[in-house]
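Next comes data26.tsv, with TSV, C-alpha atoms (C1' of nucleotides).
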chain	number	residue	atom	x	y	z
A	1384	MET	CA	0.00	0.00	0.00
A	1385	LYS	CA	2.97	2.28	-0.50
A	1386	LEU	CA	3.27	5.55	-2.35
A	1387	SER	CA	6.18	5.28	-4.79
A	1388	LYS	CA	9.16	7.59	-4.63
A	1389	LYS	CA	8.18	8.78	-8.07
A	1390	SER	CA	4.75	9.94	-6.93
A	1391	ASP	CA	6.20	11.39	-3.76
A	1392	TYR	CA	8.69	13.48	-5.74
A	1393	ALA	CA	5.99	14.41	-8.23
A	1394	LEU	CA	3.75	15.75	-5.49
A	1395	ARG	CA	6.58	17.83	-4.04
A	1396	ALA	CA	7.50	19.25	-7.43
A	1397	MET	CA	3.86	20.01	-8.18
A	1398	ILE	CA	3.44	21.83	-4.89
A	1399	TYR	CA	6.58	23.79	-5.65
A	1400	LEU	CA	5.26	24.75	-9.09
A	1401	SER	CA	1.84	25.58	-7.67
A	1402	MET	CA	3.38	28.02	-5.22
A	1403	GLN	CA	4.98	29.79	-8.21
A	1404	TYR	CA	1.96	29.65	-10.47
A	1405	LYS	CA	1.85	32.49	-13.02
A	1406	LYS	CA	5.41	33.51	-12.31
A	1407	GLY	CA	6.87	32.03	-15.47
A	1408	ALA	CA	8.78	28.85	-16.21
A	1409	ILE	CA	10.73	27.22	-13.39
A	1410	GLN	CA	13.80	25.16	-14.14
A	1411	ILE	CA	14.23	21.54	-13.18
A	1412	LYS	CA	17.54	22.40	-11.60
A	1413	GLU	CA	15.88	24.78	-9.17
A	1414	ILE	CA	13.16	22.34	-8.13
A	1415	SER	CA	15.67	19.55	-7.84
A	1416	ALA	CA	17.90	21.62	-5.56
A	1417	LYS	CA	15.19	23.10	-3.36
A	1418	GLU	CA	13.28	19.86	-2.89
A	1419	ARG	CA	16.37	17.65	-2.87
A	1420	ILE	CA	15.23	15.40	-5.69
A	1421	PRO	CA	17.80	13.70	-7.99
A	1422	GLN	CA	17.73	15.90	-11.08
A	1423	LYS	CA	17.79	13.18	-13.72
A	1424	PHE	CA	15.01	11.35	-11.97
A	1425	LEU	CA	12.97	14.51	-11.75
A	1426	GLU	CA	13.43	15.11	-15.48
A	1427	ASN	CA	11.65	11.84	-16.23
A	1428	ILE	CA	8.87	12.63	-13.82
A	1429	LEU	CA	8.17	16.10	-15.19
A	1430	LEU	CA	8.26	14.74	-18.71
A	1431	VAL	CA	5.46	12.35	-17.86
A	1432	LEU	CA	3.42	15.11	-16.29
A	1433	ARG	CA	3.89	17.18	-19.41
A	1434	LYS	CA	2.78	14.35	-21.68
A	1435	VAL	CA	-0.49	13.93	-19.81
A	1436	GLY	CA	-1.12	17.65	-20.02
A	1437	ILE	CA	-0.58	18.66	-16.42
A	1438	LEU	CA	2.53	20.72	-17.16
A	1439	ASN	CA	3.73	22.93	-19.99
A	1440	SER	CA	7.39	23.24	-20.85
A	1441	LYS	CA	9.56	25.74	-22.60
A	1442	ILE	CA	12.63	24.38	-24.33
A	1443	GLY	CA	15.99	26.08	-24.62
A	1444	LEU	CA	17.91	28.64	-22.62
A	1445	LYS	CA	15.69	30.17	-19.93
A	1446	GLY	CA	13.29	27.32	-20.47
A	1447	GLY	CA	11.50	25.42	-17.74
A	1448	TYR	CA	8.20	24.04	-16.56
A	1449	GLU	CA	4.94	25.54	-15.38
A	1450	LEU	CA	1.44	24.32	-14.60
A	1451	ALA	CA	-0.75	23.89	-17.66
A	1452	ARG	CA	-3.83	24.76	-15.58
A	1453	SER	CA	-4.71	26.61	-12.44
A	1454	PRO	CA	-3.76	24.67	-9.26
A	1455	ASP	CA	-7.39	24.34	-8.23
A	1456	LEU	CA	-8.02	22.28	-11.36
A	1457	ILE	CA	-5.35	19.67	-10.69
A	1458	THR	CA	-5.90	16.97	-8.08
A	1459	LEU	CA	-3.36	14.81	-6.29
A	1460	GLY	CA	-5.13	11.77	-7.71
A	1461	GLU	CA	-4.47	12.87	-11.27
A	1462	VAL	CA	-0.75	13.20	-10.59
A	1463	ILE	CA	-0.40	9.89	-8.78
A	1464	ARG	CA	-2.30	8.05	-11.50
A	1465	ALA	CA	-0.04	9.55	-14.16
A	1466	LEU	CA	3.04	8.11	-12.47
A	1467	ASP	CA	1.97	5.00	-10.60
A	1468	GLY	CA	-1.03	3.91	-12.61
A	1469	ALA	CA	-4.12	2.70	-10.80
A	1470	ILE	CA	-4.79	3.79	-7.25
A	1471	ALA	CA	-7.08	0.85	-6.47
A	1472	PRO	CA	-5.59	-1.96	-4.33
A	1473	VAL	CA	-6.70	-4.62	-6.83
A	1474	ASP	CA	-7.40	-4.24	-10.54
A	1475	CYS	CA	-10.93	-5.62	-10.36
A	1476	VAL	CA	-12.03	-2.47	-8.52
A	1477	SER	CA	-10.05	0.00	-10.58
A	1478	LYS	CA	-11.69	2.61	-12.76
A	1479	THR	CA	-8.58	3.32	-14.79
A	1480	SER	CA	-7.01	-0.16	-15.04
A	1481	TYR	CA	-10.02	-2.39	-14.60
A	1482	ARG	CA	-9.46	-6.08	-15.22
A	1483	PRO	CA	-12.06	-8.61	-14.12
A	1484	CYS	CA	-11.06	-11.43	-11.79
A	1485	SER	CA	-12.36	-14.92	-12.33
A	1486	GLU	CA	-15.42	-14.97	-10.09
A	1487	GLU	CA	-16.04	-11.34	-9.55
A	1488	VAL	CA	-19.73	-11.52	-8.76
A	1489	THR	CA	-19.32	-13.77	-5.76
A	1490	CYS	CA	-16.06	-12.33	-4.51
A	1491	VAL	CA	-16.33	-10.83	-1.06
A	1492	ILE	CA	-12.80	-9.50	-1.02
A	1493	ARG	CA	-13.70	-7.37	-3.97
A	1494	GLY	CA	-16.41	-5.67	-1.93
A	1495	VAL	CA	-13.96	-4.64	0.76
A	1496	MET	CA	-11.38	-3.47	-1.74
A	1497	MET	CA	-14.03	-1.36	-3.41
A	1498	GLU	CA	-14.71	0.35	-0.09
A	1499	ILE	CA	-11.03	1.04	0.34
A	1500	ARG	CA	-10.58	2.36	-3.15
A	1501	ASN	CA	-13.48	4.73	-2.62
A	1502	ALA	CA	-12.05	5.92	0.68
A	1503	ILE	CA	-8.70	6.66	-0.95
A	1504	THR	CA	-10.04	8.36	-4.04
A	1505	ASP	CA	-12.41	10.41	-1.88
A	1506	VAL	CA	-9.33	12.09	-0.51
A	1507	LEU	CA	-7.04	12.14	-3.55
A	1508	ASP	CA	-9.54	13.14	-6.20
A	1509	ARG	CA	-10.93	15.97	-4.11
A	1510	MET	CA	-7.66	17.46	-2.92
A	1511	THR	CA	-6.25	20.02	-5.36
A	1512	PHE	CA	-2.88	21.71	-5.43
A	1513	ALA	CA	-4.62	24.94	-4.51
A	1514	ASP	CA	-5.64	23.20	-1.28
A	1515	MET	CA	-2.05	22.12	-0.78
A	1516	CYS	CA	-0.87	25.71	-1.21
A	1517	SER	CA	-3.25	26.92	1.48
A	1518	ARG	CA	-1.93	24.25	3.78
A	1519	VAL	CA	1.63	25.28	3.08
A	1520	LYS	CA	0.81	28.91	3.86
A	1521	ASP	CA	-1.01	27.94	7.04
A	1522	SER	CA	1.86	25.86	8.26
A	1523	MET	CA	4.40	28.57	7.42
A	1524	GLU	CA	2.43	31.24	9.25
A	1525	LYS	CA	1.96	29.14	12.32
A	1526	ARG	CA	5.64	28.50	12.63
A	1527	GLU	CA	6.81	31.89	11.36
A	1528	THR	CA	10.03	30.27	10.23
A	1529	GLY	CA	11.97	30.43	7.00
A	1530	VAL	CA	11.27	26.96	5.64
A	1531	LEU	CA	13.17	26.24	2.49
A	1532	THR	CA	11.22	23.38	1.08
A	1533	TYR	CA	7.48	23.31	0.83
A	1534	ALA	CA	7.12	19.63	1.47
A	1535	ILE	CA	9.23	16.73	2.59
B	1480	MET	CA	-1.16	1.18	-3.64
B	1481	LYS	CA	-1.45	-2.49	-4.44
B	1482	LEU	CA	-2.42	-5.40	-2.25
B	1483	SER	CA	0.27	-8.06	-2.56
B	1484	LYS	CA	-0.47	-11.54	-3.86
B	1485	LYS	CA	0.58	-12.82	-0.46
B	1486	SER	CA	-2.06	-10.81	1.37
B	1487	ASP	CA	-4.64	-11.61	-1.25
B	1488	TYR	CA	-4.01	-15.35	-0.83
B	1489	ALA	CA	-3.92	-14.95	2.93
B	1490	LEU	CA	-7.34	-13.31	2.96
B	1491	ARG	CA	-8.82	-16.08	0.84
B	1492	ALA	CA	-7.33	-18.79	3.01
B	1493	MET	CA	-8.54	-17.01	6.14
B	1494	ILE	CA	-12.07	-16.74	4.77
B	1495	TYR	CA	-11.95	-20.42	3.91
B	1496	LEU	CA	-10.83	-21.33	7.42
B	1497	SER	CA	-13.39	-19.00	8.97
B	1498	MET	CA	-16.17	-20.75	7.09
B	1499	GLN	CA	-14.97	-24.03	8.67
B	1500	TYR	CA	-14.38	-22.65	12.14
B	1501	LYS	CA	-14.77	-25.28	14.88
B	1502	LYS	CA	-14.84	-28.12	12.42
B	1503	GLY	CA	-11.31	-29.31	13.13
B	1504	ALA	CA	-8.00	-28.87	11.33
B	1505	ILE	CA	-8.06	-28.21	7.58
B	1506	GLN	CA	-5.16	-29.29	5.42
B	1507	ILE	CA	-3.12	-26.92	3.29
B	1508	LYS	CA	-3.68	-29.18	0.32
B	1509	GLU	CA	-7.43	-28.69	0.56
B	1510	ILE	CA	-7.27	-24.91	0.80
B	1511	SER	CA	-4.71	-24.76	-1.95
B	1512	ALA	CA	-6.90	-26.81	-4.28
B	1513	LYS	CA	-10.20	-25.11	-3.52
B	1514	GLU	CA	-8.86	-21.57	-3.67
B	1515	ARG	CA	-6.31	-22.30	-6.41
B	1516	ILE	CA	-3.28	-21.05	-4.49
B	1517	PRO	CA	0.19	-22.55	-5.14
B	1518	GLN	CA	0.60	-25.00	-2.27
B	1519	LYS	CA	4.18	-24.23	-1.34
B	1520	PHE	CA	3.47	-20.53	-1.37
B	1521	LEU	CA	0.47	-21.06	0.84
B	1522	GLU	CA	2.60	-23.03	3.30
B	1523	ASN	CA	4.79	-19.98	3.87
B	1524	ILE	CA	1.80	-17.74	4.31
B	1525	LEU	CA	0.05	-19.95	6.84
B	1526	LEU	CA	3.29	-20.38	8.72
B	1527	VAL	CA	3.52	-16.63	9.18
B	1528	LEU	CA	-0.07	-16.45	10.35
B	1529	ARG	CA	0.65	-19.21	12.85
B	1530	LYS	CA	3.71	-17.42	14.20
B	1531	VAL	CA	1.77	-14.26	14.91
B	1532	GLY	CA	-0.90	-16.26	16.70
B	1533	ILE	CA	-3.74	-16.01	14.22
B	1534	LEU	CA	-3.71	-19.72	13.35
B	1535	ASN	CA	-3.06	-22.96	15.22
B	1536	SER	CA	-1.57	-25.96	13.54
B	1537	LYS	CA	-1.49	-29.67	14.15
B	1538	ILE	CA	1.52	-31.51	12.85
B	1539	GLY	CA	1.58	-35.00	11.42
B	1540	LEU	CA	-0.94	-37.29	9.82
B	1541	LYS	CA	-4.42	-35.77	9.99
B	1542	GLY	CA	-2.80	-32.49	10.82
B	1543	GLY	CA	-3.78	-29.11	9.47
B	1544	TYR	CA	-4.63	-25.52	10.34
B	1545	GLU	CA	-7.45	-23.82	12.17
B	1546	LEU	CA	-8.20	-20.36	13.53
B	1547	ALA	CA	-6.63	-19.65	16.90
B	1548	ARG	CA	-9.55	-17.35	17.77
B	1549	SER	CA	-13.13	-16.82	16.82
B	1550	PRO	CA	-13.51	-15.12	13.39
B	1551	ASP	CA	-15.10	-12.06	14.97
B	1552	LEU	CA	-11.86	-11.42	16.84
B	1553	ILE	CA	-9.63	-11.35	13.76
B	1554	THR	CA	-9.59	-8.34	11.43
B	1555	LEU	CA	-8.43	-8.09	7.84
B	1556	GLY	CA	-5.96	-5.43	8.94
B	1557	GLU	CA	-4.24	-7.83	11.32
B	1558	VAL	CA	-3.71	-10.37	8.54
B	1559	ILE	CA	-2.46	-7.86	5.98
B	1560	ARG	CA	-0.03	-6.33	8.47
B	1561	ALA	CA	1.35	-9.76	9.32
B	1562	LEU	CA	2.23	-10.38	5.68
B	1563	ASP	CA	2.86	-7.00	4.07
B	1564	GLY	CA	3.92	-4.92	7.03
B	1565	ALA	CA	2.65	-1.38	7.38
B	1566	ILE	CA	-0.60	-0.39	5.74
B	1567	ALA	CA	0.20	3.34	5.69
B	1568	PRO	CA	1.22	4.81	2.31
B	1569	VAL	CA	4.32	6.45	3.81
B	1570	ASP	CA	6.25	5.44	6.91
B	1571	CYS	CA	5.96	8.81	8.61
B	1572	VAL	CA	2.25	8.20	9.15
B	1573	SER	CA	2.51	4.55	10.12
B	1574	LYS	CA	1.57	3.30	13.55
B	1575	THR	CA	3.38	-0.01	13.17
B	1576	SER	CA	6.47	1.06	11.15
B	1577	TYR	CA	6.77	4.72	12.03
B	1578	ARG	CA	9.89	6.46	10.82
B	1579	PRO	CA	10.12	10.24	10.86
B	1580	CYS	CA	10.85	12.14	7.66
B	1581	SER	CA	13.20	15.09	7.66
B	1582	GLU	CA	10.80	17.99	8.12
B	1583	GLU	CA	7.74	16.28	9.39
B	1584	VAL	CA	6.16	19.24	11.16
B	1585	THR	CA	5.93	21.41	8.07
B	1586	CYS	CA	5.15	18.65	5.59
B	1587	VAL	CA	1.80	19.06	3.93
B	1588	ILE	CA	1.98	15.77	2.09
B	1589	ARG	CA	2.14	14.04	5.41
B	1590	GLY	CA	-1.23	15.50	6.36
B	1591	VAL	CA	-2.91	14.07	3.31
B	1592	MET	CA	-1.25	10.69	3.74
B	1593	MET	CA	-2.47	10.62	7.31
B	1594	GLU	CA	-6.03	11.12	6.09
B	1595	ILE	CA	-5.61	8.27	3.65
B	1596	ARG	CA	-4.12	5.95	6.19
B	1597	ASN	CA	-7.02	6.61	8.52
B	1598	ALA	CA	-9.52	5.98	5.76
B	1599	ILE	CA	-7.92	2.63	4.93
B	1600	THR	CA	-7.52	1.42	8.47
B	1601	ASP	CA	-11.07	2.48	9.26
B	1602	VAL	CA	-12.15	-0.24	6.87
B	1603	LEU	CA	-9.49	-2.90	7.46
B	1604	ASP	CA	-9.29	-2.73	11.25
B	1605	ARG	CA	-13.05	-2.85	11.66
B	1606	MET	CA	-13.80	-5.64	9.22
B	1607	THR	CA	-13.58	-9.08	10.84
B	1608	PHE	CA	-13.64	-12.51	9.24
B	1609	ALA	CA	-17.02	-13.06	10.83
B	1610	ASP	CA	-18.22	-10.13	8.71
B	1611	MET	CA	-16.65	-11.73	5.68
B	1612	CYS	CA	-18.49	-14.99	6.39
B	1613	SER	CA	-21.82	-13.18	6.52
B	1614	ARG	CA	-21.04	-11.60	3.20
B	1615	VAL	CA	-20.16	-14.95	1.70
B	1616	LYS	CA	-23.44	-16.43	2.90
B	1617	ASP	CA	-25.41	-13.46	1.60
B	1618	SER	CA	-23.84	-13.69	-1.78
B	1619	MET	CA	-24.35	-17.46	-1.97
B	1620	GLU	CA	-28.01	-17.16	-1.04
B	1621	LYS	CA	-28.69	-14.43	-3.51
B	1622	ARG	CA	-27.29	-16.43	-6.34
B	1623	GLU	CA	-28.48	-19.87	-5.10
B	1624	THR	CA	-25.61	-21.42	-6.96
B	1625	GLY	CA	-23.00	-23.97	-6.01
B	1626	VAL	CA	-19.96	-21.76	-5.75
B	1627	LEU	CA	-16.82	-23.72	-5.08
B	1628	THR	CA	-14.52	-21.03	-3.82
B	1629	TYR	CA	-15.50	-18.51	-1.23
B	1630	ALA	CA	-13.46	-15.69	-2.65
B	1631	ILE	CA	-11.46	-14.95	-5.71
C	795	DT	C1'	7.19	-48.78	10.69
C	796	DG	C1'	5.95	-45.93	7.01
C	797	DA	C1'	2.96	-42.74	4.82
C	798	DA	C1'	0.99	-38.22	5.42
C	799	DA	C1'	1.15	-34.02	7.22
C	800	DG	C1'	3.29	-29.54	8.88
C	801	DT	C1'	8.18	-26.99	9.77
C	802	DC	C1'	12.00	-24.57	8.40
C	803	DT	C1'	15.48	-22.56	5.64
C	804	DA	C1'	17.35	-21.63	1.36
C	805	DT	C1'	17.18	-20.60	-3.35
C	806	DT	C1'	15.60	-19.10	-7.75
C	807	DA	C1'	13.18	-16.45	-11.15
C	808	DA	C1'	10.81	-12.57	-12.49
C	809	DT	C1'	9.51	-8.05	-11.88
C	810	DT	C1'	9.62	-3.45	-10.21
C	811	DC	C1'	11.93	0.58	-8.52
C	812	DG	C1'	15.07	4.14	-8.03
C	813	DA	C1'	18.48	6.18	-10.32
C	814	DT	C1'	21.78	7.27	-13.98
C	815	DA	C1'	23.71	7.71	-18.73
C	816	DT	C1'	23.96	9.30	-23.22
C	817	DA	C1'	22.85	11.50	-27.31
C	818	DG	C1'	20.01	14.87	-29.31
C	819	DA	C1'	16.91	19.01	-30.20
C	820	DT	C1'	15.74	23.73	-29.19
C	821	DT	C1'	16.31	28.44	-27.86
C	822	DA	C1'	18.02	33.03	-25.81
C	823	DT	C1'	21.51	35.97	-26.03
C	824	DA	C1'	26.22	37.71	-26.38
D	463	DT	C1'	26.00	32.82	-35.62
D	464	DA	C1'	28.25	30.40	-31.88
D	465	DT	C1'	27.48	28.71	-27.58
D	466	DA	C1'	25.76	27.50	-23.34
D	467	DA	C1'	21.60	26.33	-21.08
D	468	DT	C1'	17.68	23.79	-21.14
D	469	DC	C1'	14.27	20.22	-22.19
D	470	DT	C1'	13.54	15.42	-24.94
D	471	DA	C1'	13.95	10.69	-25.54
D	472	DT	C1'	15.36	6.33	-24.78
D	473	DA	C1'	18.31	2.97	-22.88
D	474	DT	C1'	20.55	0.80	-19.18
D	475	DC	C1'	21.90	-0.66	-14.49
D	476	DG	C1'	21.81	-2.51	-9.90
D	477	DA	C1'	19.26	-3.31	-5.85
D	478	DA	C1'	15.23	-4.53	-3.76
D	479	DT	C1'	11.05	-6.85	-3.69
D	480	DT	C1'	7.82	-10.35	-4.87
D	481	DA	C1'	6.16	-14.76	-6.23
D	482	DA	C1'	7.13	-19.22	-6.30
D	483	DT	C1'	9.78	-23.61	-5.63
D	484	DA	C1'	12.94	-27.08	-3.44
D	485	DG	C1'	14.40	-30.18	-0.15
D	486	DA	C1'	15.55	-31.94	4.20
D	487	DC	C1'	13.49	-32.45	8.70
D	488	DT	C1'	9.88	-33.57	12.41
D	489	DT	C1'	5.67	-35.24	14.13
D	490	DT	C1'	1.64	-38.11	14.17
D	491	DC	C1'	-1.06	-42.09	13.81
D	492	DA	C1'	-2.91	-46.29	11.79
Show the structure stored in the file as structure tokens.
Amino acid sequence: MKLSKKSDYALRAMIYLSMQYKKGAIQIKEISAKERIPQKFLENILLVLRKVGILNSKIGLKGGYELARSPDLITLGEVIRALDGAIAPVDCVSKTSYRPCSEEVTCVIRGVMMEIRNAITDVLDRMTFADMCSRVKDSMEKRETGVLTYAI
Amino acid sequence: MKLSKKSDYALRAMIYLSMQYKKGAIQIKEISAKERIPQKFLENILLVLRKVGILNSKIGLKGGYELARSPDLITLGEVIRALDGAIAPVDCVSKTSYRPCSEEVTCVIRGVMMEIRNAITDVLDRMTFADMCSRVKDSMEKRETGVLTYAI
DNA sequence: TGAAAGTCTATTAATTCGATATAGATTATA
DNA sequence: TATAATCTATATCGAATTAATAGACTTTCA
């Protein structure tokens, strides 16, 4: 039931980009340094997010990445699915990678897994990066400290 | 966010044994055949469940496994933890395998993961194998069919 | 006593994961 | 226009994990 490193890094990078929304393209190098994510690994991750239309990129000198949409229109679920695939604990209850199991109709495990999938997606598909930004601001205010990274 | 094959098999075997509770020891071979689980793999799984006190075994001819407690005192969460370890999506929100991350207090991802962990454990730590048995019986009645396996 | 069952430890095989490497394409700007 | 900075694309690697198998041992009971 683990979140992959890939998704973890992706969430951090997305929060970083959300905090800078509308301030122009941000370079991989900067995100990688501030969030302490291996740069080459991050390149692959951002590339995926670009291909699914979550990010826009600008090639060349002074290039970089930025959100393709407003942060309140991107959910955590969308990002995790892009990188890890299905969120459901078993494929027979997955919306995005559904594959029937042999005796689905009489399977009682399936019922429980469906409940769990719904519980997880209730959180992930509702939570946007705008929400995450508010949380970051809240937590920074409360601690009135110069945090360097938005999320770890 | 996937349930491992091990836990999947374990749940099936546990449902099978719960349906036969108080009817004496059941042999691995029988469970393995009925639920179509590789026998040697199942041996390892049941051994783990015995070591953590969920199952009792009887060695030798006419030996086998049976629940160590009544099915309403065993939860799905207990079984999954025995085989897969922590249920939490990241260790910094795990009760059983807690490990702090570097800037826990200001981490906003942690907050979300905590919500998800709670949602999952709400289901898994409440659901007992007695509940699963009722569901099996319900689903068998409704379909008035001779199902061979209790869960797939 | 010997066949049937669980016990235990080790090993293998396949897959996934995290990370890196390398070669290329594109662009701003000096 | 040359060049350095930046993203693009794909390939590869090693370690870890997962799924499954093997084989020698122990216990029971007819």
For chain A versus chain D, which residues have an atom no more than 10 Å away, and what is each residue's nearest atom pair and distance in Å rounded to one decimal, using only C-alpha atoms (C1' of nucleotides), chain-then-number order, as JSON lines?
{"residue": "A:Gln1410", "atom": "CA", "partner": "D:DT468", "partner_atom": "C1'", "distance": 8.1}
{"residue": "A:Ile1411", "atom": "CA", "partner": "D:DT468", "partner_atom": "C1'", "distance": 9.0}
{"residue": "A:Lys1412", "atom": "CA", "partner": "D:DT468", "partner_atom": "C1'", "distance": 9.6}
{"residue": "A:Glu1426", "atom": "CA", "partner": "D:DC469", "partner_atom": "C1'", "distance": 8.5}
{"residue": "A:Asn1427", "atom": "CA", "partner": "D:DT470", "partner_atom": "C1'", "distance": 9.6}
{"residue": "A:Leu1430", "atom": "CA", "partner": "D:DT470", "partner_atom": "C1'", "distance": 8.2}
{"residue": "A:Ser1440", "atom": "CA", "partner": "D:DC469", "partner_atom": "C1'", "distance": 7.6}
{"residue": "A:Lys1441", "atom": "CA", "partner": "D:DC469", "partner_atom": "C1'", "distance": 7.3}
{"residue": "A:Ile1442", "atom": "CA", "partner": "D:DC469", "partner_atom": "C1'", "distance": 5.0}
{"residue": "A:Gly1443", "atom": "CA", "partner": "D:DT468", "partner_atom": "C1'", "distance": 4.5}
{"residue": "A:Leu1444", "atom": "CA", "partner": "D:DA467", "partner_atom": "C1'", "distance": 4.6}
{"residue": "A:Lys1445", "atom": "CA", "partner": "D:DT468", "partner_atom": "C1'", "distance": 6.8}
{"residue": "A:Gly1446", "atom": "CA", "partner": "D:DT468", "partner_atom": "C1'", "distance": 5.7}
{"residue": "A:Gly1447", "atom": "CA", "partner": "D:DT468", "partner_atom": "C1'", "distance": 7.2}
{"residue": "A:Tyr1448", "atom": "CA", "partner": "D:DC469", "partner_atom": "C1'", "distance": 9.1}
Q. Could you work out how far atom CA of Leu1521 of chain B lies from atom CA of Gly1503 of chain B, giving the answer in Å with one decimal?
A.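 Answer for the atom CA of Gly1503 of chain B to atom CA of Leu1521 of chain B separation: 18.9 Å.
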Q: Mind giving me the straight-line distance from atom CA of Ala1609 of chain B to atom CA of Asp1505 of chain A in Å, one decimal?
A: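 Pair atom CA of Ala1609 of chain B / atom CA of Asp1505 of chain A returns 27.1 Å.
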Q) Distance atom CA of Met1497 of chain A-atom CA of Ala1547 of chain B, one decimal place? A)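 Spanning atom CA of Met1497 of chain A to atom CA of Ala1547 of chain B is a straight-line distance of 28.3 Å.
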Q. If we count all atoms listed in the file, what is near DA813 of chain C at a cut-off of 8 Å, once residues fewer than 2 positions away on the same chain are taken out, given as a list in words?
A.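 Once the nearby chain positions are removed, what remains is Pro1421, Lys1423 and Phe1424 of chain A.
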Please save C-alpha atoms of the selected residues as a PDB file, in the coordinates of the input.
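Dumped to out.pdb:
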ATOM      1  CA  PRO A1421      17.800  13.700  -7.990  1.00  0.00           C
ATOM      2  CA  LYS A1423      17.790  13.180 -13.720  1.00  0.00           C
ATOM      3  CA  PHE A1424      15.010  11.350 -11.970  1.00  0.00           C
TER       4      PHE A1424
END
Q: Show me which bits of chain C are within 9 Å of chain B, counting all atoms listed in the file, as a list in words.
A: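 Residues satisfying the distance criterion: DA797, DA798, DA799, DG800 and DT801 of chain C.
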Q.
For a quick test of understanding: name the residues of chain B lying within 10 Å of chain A when counting only C-alpha atoms, and present them as a PyMOL selection string.
A. chain B and resi 1480-1484+1487+1490-1491+1494+1555+1563-1570+1580-1592+1594-1603+1606+1610-1619+1621-1622+1624+1626+1628-1631
With C-alpha atoms retained, write the just-selected residues as an mmCIF file, in the coordinates of the input.
data_model
loop_
_atom_site.group_PDB
_atom_site.id
_atom_site.type_symbol
_atom_site.label_atom_id
_atom_site.label_comp_id
_atom_site.auth_asym_id
_atom_site.auth_seq_id
_atom_site.Cartn_x
_atom_site.Cartn_y
_atom_site.Cartn_z
ATOM 1 C CA MET B 1480 -1.160 1.180 -3.640
ATOM 2 C CA LYS B 1481 -1.450 -2.490 -4.440
ATOM 3 C CA LEU B 1482 -2.420 -5.400 -2.250
ATOM 4 C CA SER B 1483 0.270 -8.060 -2.560
ATOM 5 C CA LYS B 1484 -0.470 -11.540 -3.860
ATOM 6 C CA ASP B 1487 -4.640 -11.610 -1.250
ATOM 7 C CA LEU B 1490 -7.340 -13.310 2.960
ATOM 8 C CA ARG B 1491 -8.820 -16.080 0.840
ATOM 9 C CA ILE B 1494 -12.070 -16.740 4.770
ATOM 10 C CA LEU B 1555 -8.430 -8.090 7.840
ATOM 11 C CA ASP B 1563 2.860 -7.000 4.070
ATOM 12 C CA GLY B 1564 3.920 -4.920 7.030
ATOM 13 C CA ALA B 1565 2.650 -1.380 7.380
ATOM 14 C CA ILE B 1566 -0.600 -0.390 5.740
ATOM 15 C CA ALA B 1567 0.200 3.340 5.690
ATOM 16 C CA PRO B 1568 1.220 4.810 2.310
ATOM 17 C CA VAL B 1569 4.320 6.450 3.810
ATOM 18 C CA ASP B 1570 6.250 5.440 6.910
ATOM 19 C CA CYS B 1580 10.850 12.140 7.660
ATOM 20 C CA SER B 1581 13.200 15.090 7.660
ATOM 21 C CA GLU B 1582 10.800 17.990 8.120
ATOM 22 C CA GLU B 1583 7.740 16.280 9.390
ATOM 23 C CA VAL B 1584 6.160 19.240 11.160
ATOM 24 C CA THR B 1585 5.930 21.410 8.070
ATOM 25 C CA CYS B 1586 5.150 18.650 5.590
ATOM 26 C CA VAL B 1587 1.800 19.060 3.930
ATOM 27 C CA ILE B 1588 1.980 15.770 2.090
ATOM 28 C CA ARG B 1589 2.140 14.040 5.410
ATOM 29 C CA GLY B 1590 -1.230 15.500 6.360
ATOM 30 C CA VAL B 1591 -2.910 14.070 3.310
ATOM 31 C CA MET B 1592 -1.250 10.690 3.740
ATOM 32 C CA GLU B 1594 -6.030 11.120 6.090
ATOM 33 C CA ILE B 1595 -5.610 8.270 3.650
ATOM 34 C CA ARG B 1596 -4.120 5.950 6.190
ATOM 35 C CA ASN B 1597 -7.020 6.610 8.520
ATOM 36 C CA ALA B 1598 -9.520 5.980 5.760
ATOM 37 C CA ILE B 1599 -7.920 2.630 4.930
ATOM 38 C CA THR B 1600 -7.520 1.420 8.470
ATOM 39 C CA ASP B 1601 -11.070 2.480 9.260
ATOM 40 C CA VAL B 1602 -12.150 -0.240 6.870
ATOM 41 C CA LEU B 1603 -9.490 -2.900 7.460
ATOM 42 C CA MET B 1606 -13.800 -5.640 9.220
ATOM 43 C CA ASP B 1610 -18.220 -10.130 8.710
ATOM 44 C CA MET B 1611 -16.650 -11.730 5.680
ATOM 45 C CA CYS B 1612 -18.490 -14.990 6.390
ATOM 46 C CA SER B 1613 -21.820 -13.180 6.520
ATOM 47 C CA ARG B 1614 -21.040 -11.600 3.200
ATOM 48 C CA VAL B 1615 -20.160 -14.950 1.700
ATOM 49 C CA LYS B 1616 -23.440 -16.430 2.900
ATOM 50 C CA ASP B 1617 -25.410 -13.460 1.600
ATOM 51 C CA SER B 1618 -23.840 -13.690 -1.780
ATOM 52 C CA MET B 1619 -24.350 -17.460 -1.970
ATOM 53 C CA LYS B 1621 -28.690 -14.430 -3.510
ATOM 54 C CA ARG B 1622 -27.290 -16.430 -6.340
ATOM 55 C CA THR B 1624 -25.610 -21.420 -6.960
ATOM 56 C CA VAL B 1626 -19.960 -21.760 -5.750
ATOM 57 C CA THR B 1628 -14.520 -21.030 -3.820
ATOM 58 C CA TYR B 1629 -15.500 -18.510 -1.230
ATOM 59 C CA ALA B 1630 -13.460 -15.690 -2.650
ATOM 60 C CA ILE B 1631 -11.460 -14.950 -5.710
#
Q. Taking into account all atoms listed in the file, which residue in the set A:Ile1420, A:Met1397, A:Val1431, A:Ile1414 is nearest to Leu1466 of chain A?
A. A:Val1431
